[in-house]
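For reference, entry_23.cif is printed below; it contains mmCIF, C-alpha atoms.
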data_query
#
loop_
_atom_site.label_atom_id
_atom_site.label_comp_id
_atom_site.auth_asym_id
_atom_site.auth_seq_id
_atom_site.Cartn_x
_atom_site.Cartn_y
_atom_site.Cartn_z
CA MET A 14 63.97 48.61 60.92
CA THR A 15 65.46 47.24 57.71
CA ASN A 16 63.47 44.61 55.84
CA THR A 17 64.99 41.15 55.84
CA PRO A 18 64.02 38.18 53.67
CA SER A 19 61.27 35.96 55.00
CA ALA A 20 62.00 32.32 55.67
CA PRO A 21 62.07 30.56 52.27
CA ASP A 22 59.03 28.55 51.27
CA THR A 23 59.78 24.85 51.06
CA HIS A 24 58.27 24.66 47.56
CA THR A 25 60.20 27.60 46.10
CA GLU A 26 63.51 27.82 47.99
CA SER A 27 65.30 25.77 45.32
CA LEU A 28 64.34 28.17 42.51
CA PRO A 29 67.49 29.97 41.33
CA PHE A 30 66.32 33.58 40.95
CA ARG A 31 65.30 35.93 43.72
CA VAL A 32 62.64 38.53 42.97
CA ALA A 33 62.32 41.72 45.03
CA ALA A 34 59.25 43.97 44.78
CA LEU A 35 59.85 47.30 46.51
CA TYR A 36 58.59 50.83 46.96
CA ARG A 37 59.06 53.85 49.17
CA PHE A 38 57.31 57.21 49.26
CA THR A 39 60.05 59.65 50.17
CA PRO A 40 61.00 63.06 48.73
CA PHE A 41 63.84 62.98 46.19
CA GLU A 42 65.02 66.51 45.50
CA ASN A 43 66.94 65.36 42.43
CA ALA A 44 65.72 61.98 41.22
CA GLU A 45 67.68 62.31 37.99
CA ALA A 46 70.98 62.37 39.90
CA LEU A 47 70.10 59.01 41.48
CA ARG A 48 69.41 57.28 38.19
CA ALA A 49 72.87 56.55 36.75
CA PRO A 50 74.47 55.22 39.97
CA LEU A 51 71.46 52.97 40.58
CA ARG A 52 71.58 51.62 37.03
CA ALA A 53 75.32 51.03 37.35
CA VAL A 54 75.02 48.85 40.45
CA CYS A 55 72.19 46.85 38.87
CA ASP A 56 74.26 46.21 35.73
CA ALA A 57 77.34 45.30 37.74
CA GLN A 58 75.34 42.69 39.68
CA GLY A 59 73.51 41.25 36.66
CA VAL A 60 70.17 42.34 38.14
CA LYS A 61 67.27 42.93 35.74
CA GLY A 62 63.81 44.43 36.07
CA ILE A 63 62.38 47.93 36.26
CA LEU A 64 62.78 50.70 38.83
CA LEU A 65 60.89 53.99 38.71
CA LEU A 66 62.24 57.18 40.27
CA ALA A 67 60.18 60.32 40.89
CA ARG A 68 60.10 63.26 43.25
CA GLU A 69 57.80 61.19 45.46
CA GLY A 70 60.11 58.16 45.76
CA ILE A 71 60.99 54.80 44.22
CA ASN A 72 59.00 51.79 43.00
CA GLY A 73 59.78 48.63 41.06
CA THR A 74 60.56 44.94 40.82
CA ILE A 75 63.99 43.42 40.19
CA ALA A 76 65.39 39.91 39.93
CA GLY A 77 68.80 38.28 40.11
CA THR A 78 70.99 36.11 42.30
CA ASP A 79 70.66 36.39 46.06
CA GLU A 80 73.98 38.23 46.22
CA GLY A 81 73.05 40.56 43.37
CA ILE A 82 69.71 41.50 44.88
CA GLU A 83 71.29 42.16 48.29
CA ALA A 84 73.90 44.44 46.69
CA VAL A 85 71.26 46.48 44.86
CA LEU A 86 69.07 46.74 47.96
CA ALA A 87 72.06 47.87 49.99
CA HIS A 88 72.54 50.70 47.51
CA ILE A 89 68.83 51.61 47.51
CA ARG A 90 68.81 51.79 51.31
CA THR A 91 71.43 54.56 51.11
CA LEU A 92 69.05 56.77 49.11
CA PRO A 93 67.28 59.57 51.01
CA GLY A 94 64.55 58.15 53.24
CA CYS A 95 64.98 54.58 51.96
CA ALA A 96 66.67 52.90 54.94
CA GLU A 97 63.36 51.20 55.85
CA ILE A 98 62.11 50.56 52.32
CA GLU A 99 59.28 48.06 51.92
CA VAL A 100 60.55 44.90 50.17
CA LYS A 101 58.74 41.65 49.38
CA PHE A 102 60.68 38.63 48.21
CA SER A 103 59.76 35.64 46.09
CA ARG A 104 61.60 33.27 43.75
CA ALA A 105 61.41 32.34 40.07
CA PRO A 106 62.59 29.34 38.00
CA ALA A 107 64.05 31.60 35.27
CA MET A 108 65.12 35.23 34.99
CA PRO A 109 61.70 36.92 34.70
CA PHE A 110 62.91 40.11 32.98
CA LEU A 111 64.55 40.78 29.63
CA ARG A 112 66.63 43.78 30.68
CA MET A 113 67.21 46.40 33.36
CA LYS A 114 65.39 49.73 33.19
CA VAL A 115 65.68 52.70 35.54
CA ARG A 116 63.18 55.36 34.53
CA LEU A 117 62.32 58.86 35.66
CA LYS A 118 58.58 59.42 36.09
CA ALA A 119 56.23 62.11 37.35
CA GLU A 120 54.74 59.56 39.80
CA ILE A 121 56.01 56.16 40.96
CA VAL A 122 52.42 54.92 40.61
CA THR A 123 50.29 57.03 38.32
CA MET A 124 47.00 58.22 39.77
CA GLY A 125 46.92 61.71 38.31
CA VAL A 126 45.72 63.51 41.44
CA PRO A 127 47.87 66.61 42.06
CA ASP A 128 49.38 67.30 45.48
CA LEU A 129 48.38 63.94 46.97
CA ASP A 130 50.96 62.93 49.58
CA PRO A 131 50.63 59.36 50.96
CA ARG A 132 53.17 60.23 53.66
CA SER A 133 50.81 62.68 55.35
CA GLU A 134 47.63 60.64 55.77
CA VAL A 135 46.69 57.16 54.63
CA GLY A 136 44.29 54.45 55.69
CA THR A 137 44.83 52.15 58.65
CA TYR A 138 47.25 49.31 57.93
CA LEU A 139 46.07 45.79 58.72
CA ASP A 140 48.19 42.65 58.82
CA PRO A 141 46.76 39.49 57.18
CA LYS A 142 45.09 38.21 60.37
CA GLU A 143 43.46 41.58 61.06
CA TRP A 144 42.46 41.75 57.41
CA ASN A 145 40.58 38.44 57.63
CA ALA A 146 38.72 39.71 60.71
CA LEU A 147 37.70 42.94 58.97
CA LEU A 148 36.48 41.08 55.90
CA SER A 149 34.24 38.91 58.07
CA ASP A 150 32.22 42.04 58.95
CA PRO A 151 29.32 42.34 56.46
CA ASP A 152 29.40 46.15 56.71
CA THR A 153 32.88 46.31 55.20
CA VAL A 154 33.03 47.53 51.60
CA LEU A 155 35.94 45.60 50.07
CA ILE A 156 37.50 47.19 46.97
CA ASP A 157 40.11 45.78 44.61
CA THR A 158 42.12 48.77 43.38
CA ARG A 159 43.85 46.90 40.54
CA ASN A 160 43.19 46.94 36.80
CA ASP A 161 40.59 44.67 35.20
CA TYR A 162 43.03 42.12 33.75
CA GLU A 163 44.64 41.68 37.19
CA VAL A 164 41.31 41.16 38.95
CA ALA A 165 40.27 38.60 36.32
CA VAL A 166 42.78 35.98 37.49
CA GLY A 167 42.16 36.27 41.23
CA THR A 168 40.82 38.45 44.04
CA PHE A 169 39.50 38.31 47.59
CA LYS A 170 36.15 36.70 48.19
CA GLY A 171 33.41 39.34 48.04
CA ALA A 172 35.63 42.10 46.62
CA ILE A 173 34.17 44.78 44.36
CA ASP A 174 35.84 45.01 40.95
CA PRO A 175 35.93 48.67 39.76
CA ASP A 176 36.47 47.37 36.20
CA ILE A 177 39.12 49.98 35.41
CA LYS A 178 41.74 49.87 32.68
CA THR A 179 44.24 52.07 34.51
CA PHE A 180 44.73 53.43 38.03
CA ARG A 181 43.94 56.92 36.71
CA GLU A 182 40.28 55.86 36.50
CA PHE A 183 40.10 54.91 40.17
CA PRO A 184 39.52 58.36 41.77
CA GLN A 185 36.37 59.05 39.75
CA TRP A 186 35.14 55.49 40.30
CA LEU A 187 35.55 55.90 44.06
CA ARG A 188 33.69 59.22 44.03
CA ASP A 189 30.80 57.60 42.16
CA LYS A 190 30.80 54.56 44.46
CA ARG A 191 30.74 56.76 47.55
CA GLU A 192 27.73 58.67 46.24
CA ALA A 193 25.90 55.40 45.54
CA LEU A 194 26.60 54.05 49.04
CA GLU A 195 25.56 57.28 50.74
CA ALA A 196 22.38 57.34 48.65
CA GLU A 197 21.55 53.99 50.26
CA GLY A 198 22.02 55.59 53.67
CA ARG A 199 25.32 53.79 54.33
CA LYS A 200 28.41 55.34 55.85
CA PRO A 201 31.16 53.45 54.04
CA ARG A 202 33.78 51.45 55.95
CA ILE A 203 36.21 50.80 53.15
CA ALA A 204 38.95 48.19 52.85
CA MET A 205 41.27 48.38 49.84
CA PHE A 206 44.00 46.11 48.53
CA CYS A 207 46.46 45.83 45.66
CA THR A 208 49.41 43.65 44.63
CA GLY A 209 52.20 44.99 46.82
CA GLY A 210 50.62 47.86 48.74
CA ILE A 211 51.75 50.89 46.76
CA ARG A 212 48.50 51.62 44.95
CA CYS A 213 46.66 51.40 48.26
CA GLU A 214 48.98 54.00 49.74
CA LYS A 215 47.58 56.43 47.17
CA SER A 216 44.01 55.14 47.02
CA THR A 217 43.55 55.34 50.80
CA ALA A 218 45.27 58.75 50.91
CA PHE A 219 42.82 59.89 48.24
CA ALA A 220 39.85 58.45 50.17
CA LYS A 221 40.94 60.26 53.32
CA ALA A 222 41.39 63.50 51.36
CA GLU A 223 37.82 63.04 50.09
CA GLY A 224 36.55 62.98 53.68
CA LEU A 225 36.11 59.25 54.23
CA ASP A 226 37.02 58.35 57.81
CA GLU A 227 37.02 54.56 58.08
CA VAL A 228 39.56 53.48 55.47
CA TYR A 229 41.77 50.40 55.76
CA HIS A 230 44.29 48.66 53.57
CA LEU A 231 46.21 45.40 53.54
CA LYS A 232 49.79 45.97 54.68
CA GLY A 233 52.23 44.48 52.20
CA GLY A 234 49.43 43.83 49.73
CA ILE A 235 48.35 40.53 48.23
CA LEU A 236 51.93 39.30 47.99
CA LYS A 237 52.50 39.51 51.75
CA TYR A 238 49.11 37.91 52.37
CA LEU A 239 49.86 34.95 50.07
CA GLU A 240 53.31 34.60 51.62
CA THR A 241 52.18 34.50 55.25
CA MET A 242 48.54 33.37 55.39
CA PRO A 243 48.02 29.58 55.66
CA GLN A 244 46.03 28.44 52.65
CA GLU A 245 43.37 26.81 54.80
CA GLU A 246 42.65 30.19 56.43
CA SER A 247 42.91 32.23 53.25
CA LEU A 248 40.11 34.33 51.79
CA TRP A 249 41.96 34.71 48.50
CA GLU A 250 40.49 33.06 45.40
CA GLY A 251 42.53 32.33 42.27
CA GLU A 252 46.04 33.53 41.48
CA CYS A 253 47.74 36.93 41.75
CA PHE A 254 48.95 38.70 38.63
CA VAL A 255 52.55 39.95 38.78
CA PHE A 256 54.31 42.17 36.28
CA ASP A 257 56.98 39.79 35.03
CA GLN A 258 57.33 36.58 33.06
CA ARG A 259 55.98 34.45 35.92
CA VAL A 260 52.60 36.01 35.07
CA THR A 261 50.94 34.91 38.34
CA VAL A 262 51.83 33.54 41.78
CA ARG A 263 49.84 31.41 44.21
CA HIS A 264 49.89 30.78 47.96
CA GLY A 265 53.43 30.56 49.25
CA LEU A 266 54.35 32.78 46.25
CA GLU A 267 54.80 29.71 44.08
CA PRO A 268 54.77 30.54 40.34
CA GLY A 269 51.23 30.21 39.01
CA ASN A 270 49.73 28.33 36.07
CA LEU A 271 48.87 31.12 33.65
CA THR A 272 50.75 32.19 30.53
CA LEU A 273 51.31 35.73 29.24
CA CYS A 274 50.37 37.01 25.81
CA HIS A 275 53.55 38.71 24.63
CA ALA A 276 51.52 41.01 22.37
CA CYS A 277 49.01 42.53 24.82
CA ARG A 278 50.33 41.26 28.21
CA ALA A 279 47.00 39.61 29.08
CA PRO A 280 47.10 36.49 31.30
CA LEU A 281 46.00 33.39 29.38
CA ASP A 282 44.36 30.21 30.66
CA GLU A 283 44.01 26.83 28.97
CA ASP A 284 40.93 27.87 26.96
CA ASP A 285 42.76 30.95 25.65
CA LEU A 286 45.72 28.84 24.54
CA ALA A 287 43.39 26.39 22.75
CA SER A 288 41.61 29.20 20.86
CA PRO A 289 42.19 29.47 17.09
CA LEU A 290 42.80 33.19 17.74
CA TYR A 291 45.93 32.40 19.78
CA GLU A 292 49.33 32.51 18.09
CA ALA A 293 52.27 32.18 20.45
CA GLY A 294 54.02 35.52 20.81
CA ILE A 295 51.79 37.18 18.18
CA CYS A 296 48.20 37.52 19.43
CA CYS A 297 45.52 35.98 21.63
CA PRO A 298 41.68 36.04 21.90
CA HIS A 299 41.93 39.28 23.90
CA CYS A 300 43.91 41.26 21.33
CA HIS A 301 43.50 39.46 18.00
CA LYS A 302 41.06 42.01 16.55
CA ASP A 303 43.20 44.96 17.71
CA ARG A 304 46.46 43.92 16.04
CA THR A 305 47.43 45.08 12.54
CA ASP A 306 49.24 42.92 10.00
CA LYS A 307 52.34 45.06 10.52
CA GLN A 308 52.26 44.42 14.28
CA ARG A 309 51.76 40.68 13.79
CA ALA A 310 54.72 40.58 11.41
CA ARG A 311 56.89 42.34 13.98
CA TYR A 312 55.82 39.95 16.75
CA ALA A 313 56.40 36.94 14.48
CA GLU A 314 59.94 38.13 13.78
CA ARG A 315 60.57 38.48 17.51
CA GLU A 316 59.40 34.89 18.04
CA ARG A 317 61.61 33.71 15.16
CA GLN A 318 64.67 35.35 16.71
CA THR A 319 63.84 33.71 20.04
CA HIS A 320 63.71 30.26 18.44
CA LEU A 321 66.93 30.89 16.50
CA ALA A 322 68.68 31.83 19.73
CA GLU A 323 67.39 28.64 21.31
CA GLN A 324 68.70 26.54 18.39
CA ARG A 325 72.12 28.18 18.73
CA GLY A 326 72.11 27.26 22.40
CA GLU A 327 72.28 30.86 23.48
CA ALA A 328 70.93 31.94 26.83
CA HIS A 329 67.69 33.70 25.97
CA LEU A 330 64.74 34.59 28.12
CA GLY A 331 62.28 33.32 25.53
CA ALA A 332 63.94 29.91 25.49
CA GLU A 333 63.98 29.71 29.27
CA MET A 334 60.37 30.78 29.54
CA ALA A 335 59.31 28.25 26.88
CA GLU A 336 60.26 25.49 29.33
CA VAL A 337 58.49 27.33 32.14
CA ARG A 338 55.36 27.55 29.98
CA ALA A 339 55.61 23.83 29.18
CA LYS A 340 55.80 23.03 32.90
CA LYS A 341 52.76 25.21 33.54
CA HIS A 342 50.87 23.42 30.77
CA ARG A 343 51.66 20.04 32.31
CA ALA A 344 50.65 21.30 35.76
CA ARG A 345 47.31 22.57 34.44
CA LYS A 346 46.64 19.26 32.72
CA GLU A 347 47.45 17.30 35.88
CA GLU A 348 45.20 19.58 37.95
CA ARG A 349 42.29 19.12 35.53
CA GLU A 350 42.72 15.35 35.71
CA ARG A 351 42.81 15.50 39.50
CA GLN A 352 39.67 17.61 39.67
CA ARG A 353 37.86 15.30 37.25
CA ALA A 354 38.79 12.27 39.34
CA LEU A 355 37.52 14.01 42.48
CA ARG A 356 34.21 14.82 40.78
CA GLU A 357 33.82 11.25 39.59
CA ARG A 358 34.49 9.88 43.07
CA ALA A 359 32.02 12.36 44.58
CA ALA A 360 29.37 11.40 42.03
CA GLN A 361 29.98 7.69 42.67
CA ALA A 362 29.76 8.19 46.42
CA GLY A 363 26.53 10.13 46.00
CA GLY A 364 25.05 7.37 43.90
CA GLU A 365 25.96 4.72 46.45
CA HIS A 366 24.44 6.85 49.23
CA ALA A 367 21.19 7.20 47.25
CA GLN A 368 20.93 3.42 46.98
#

Can you turn what I pasted into structure tokens?
Amino acid sequence: MTNTPSAPDTHTESLPFRVAALYRFTPFENAEALRAPLRAVCDAQGVKGILLLAREGINGTIAGTDEGIEAVLAHIRTLPGCAEIEVKFSRAPAMPFLRMKVRLKAEIVTMGVPDLDPRSEVGTYLDPKEWNALLSDPDTVLIDTRNDYEVAVGTFKGAIDPDIKTFREFPQWLRDKREALEAEGRKPRIAMFCTGGIRCEKSTAFAKAEGLDEVYHLKGGILKYLETMPQEESLWEGECFVFDQRVTVRHGLEPGNLTLCHACRAPLDEDDLASPLYEAGICCPHCHKDRTDKQRARYAERERQTHLAEQRGEAHLGAEMAEVRAKKHRARKEERERQRALRERAAQAGGEHAQ
């Protein structure tokens, strides 16, 4: 069955750009031959983003007009084994990518485990409702398979953070975790999740290959969960990091409130932006000590060109995103004021009750 767009969220349906996150594990005998035609249709439709092609399939995120995205997806569905490709849709207030890239890779998500085939054996898929039920079982070992900077801005309640820098580190971490659990006399029942589902395809396939029997993962990933799970029933805490200029999304896939450091790609909150180590587009508290003077000069020139383009009135992603960042800043300020007012009312009510 071909994926179709979900009903638009009432808070985001007016946003002008449609974002499609997609992947499919399927054998491409000649991925290189698919590259140029795919790039051509993206360029013709004004679609931007990144798509990865490998012998094991396709993965990526693209953005554009509704018509442009549909045209590109129609082309992708003609590729071998891609008629039922997994696609998750959301919307953005500005084009969230600078350019279009179609790259050839050894893996569409890099784990570094040879001969691992997610098409042969993976964990049991659970929809969001089933996922909530599994997580309510105290014997479930819940694992976030994402990188540390992604986990930092949001995760499921009770999830274990492997504290990894890249997905390549996950296999060894899981081996070590399994040994620790079995040393406690526990037979692990493992539930794994990631942003869109692709990393869990490999992580659960790896777990099964390692001899773990009870392995589950969230179908459609965090994005599908945030899209379909009512917030009042949600077990998600925080925001979800996405790999584009929106930085994060929230329930209903509304754009989140965090900003991106354009030097190191770390998500930044209000405290980070207020730090004396933060320079817009140049460095932030997370990367300040790691950047050389030469790198800072290059980043500063990039920011200068962005501002010059804005002054000339040219369409430029940096200019568009500056307004998005300003809106996020206002939203964060309003939320802090709201929370402070709630705390004050709660304290006042508590004082009156004590009297």

Item to check | Test item: the PyMOL selection byres ((chain A and resi 184-192) around 8) resolved as a list in words | outcome: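 Against this file, the PyMOL selection byres ((chain A and resi 184-192) around 8) returns the residues Met124, Pro175, Arg181, Glu182, Phe183, Ala193, Leu194, Glu195, Ala196, Pro201, Ser216, Phe219 and Ala220 of chain A.
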
Next on the checklist: Evaluate the PyMOL selection byres ((chain A and resi 61) around 12) against this structure - the residues, as a VMD selection string, please.
Outcome noted: chain A and resid 30 to 33 51 to 60 62 to 64 73 to 78 81 to 82 85 107 to 115 257 330

Item to check | Spatial sel., origin (43.8, 37.0, 22.9), limit 12 Å, all atoms listed in the file, listed as a PyMOL selection string | outcome: chain A and resi 272-304

Checklist entry - Can you find the residues with an atom no farther than 10 Å from (52.6, 57.3, 41.2), counting all atoms listed in the file, and report them as a list in words? => result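 Final list of nearby residues, as requested, is Phe38, Leu65, Leu66, Ala67, Arg68, Glu69, Gly70, Ile71, Asn72, Lys118, Ala119, Glu120, Ile121, Val122, Thr123, Met124, Gly125, Val126, Leu129, Phe180, Arg181, Ile211, Arg212, Glu214 and Lys215 of chain A.
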
Item to check | Nearby residues (all atoms listed in the file) at most 12 Å from region 133-150 of chain A, same-chain spacing under 5 positions excluded, as a ChimeraX atom specification | outcome: /A:38-39,128,155-156,169-172,202-206,210-244,246-249

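Nearest to Thr179 (chain A) of all the residues A:Arg199, A:Asn160, A:Glu26, A:Gly167 is A:Asn160, counting all atoms listed in the file.
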
Checklist entry - How many Å lie between CA of Asp174 (chain A) and CA of Gly251 (chain A), rounded to one decimal? => result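 CA of Asp174 (chain A) sits 14.4 Å away from CA of Gly251 (chain A).
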
Next on the checklist: I'd like the interatomic distance between CA of Val100 (chain A) and CA of Asp157 (chain A), to a tenth of an Å.
Outcome noted: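 According to the coordinates, CA of Val100 (chain A) and CA of Asp157 (chain A) are separated by 21.2 Å.
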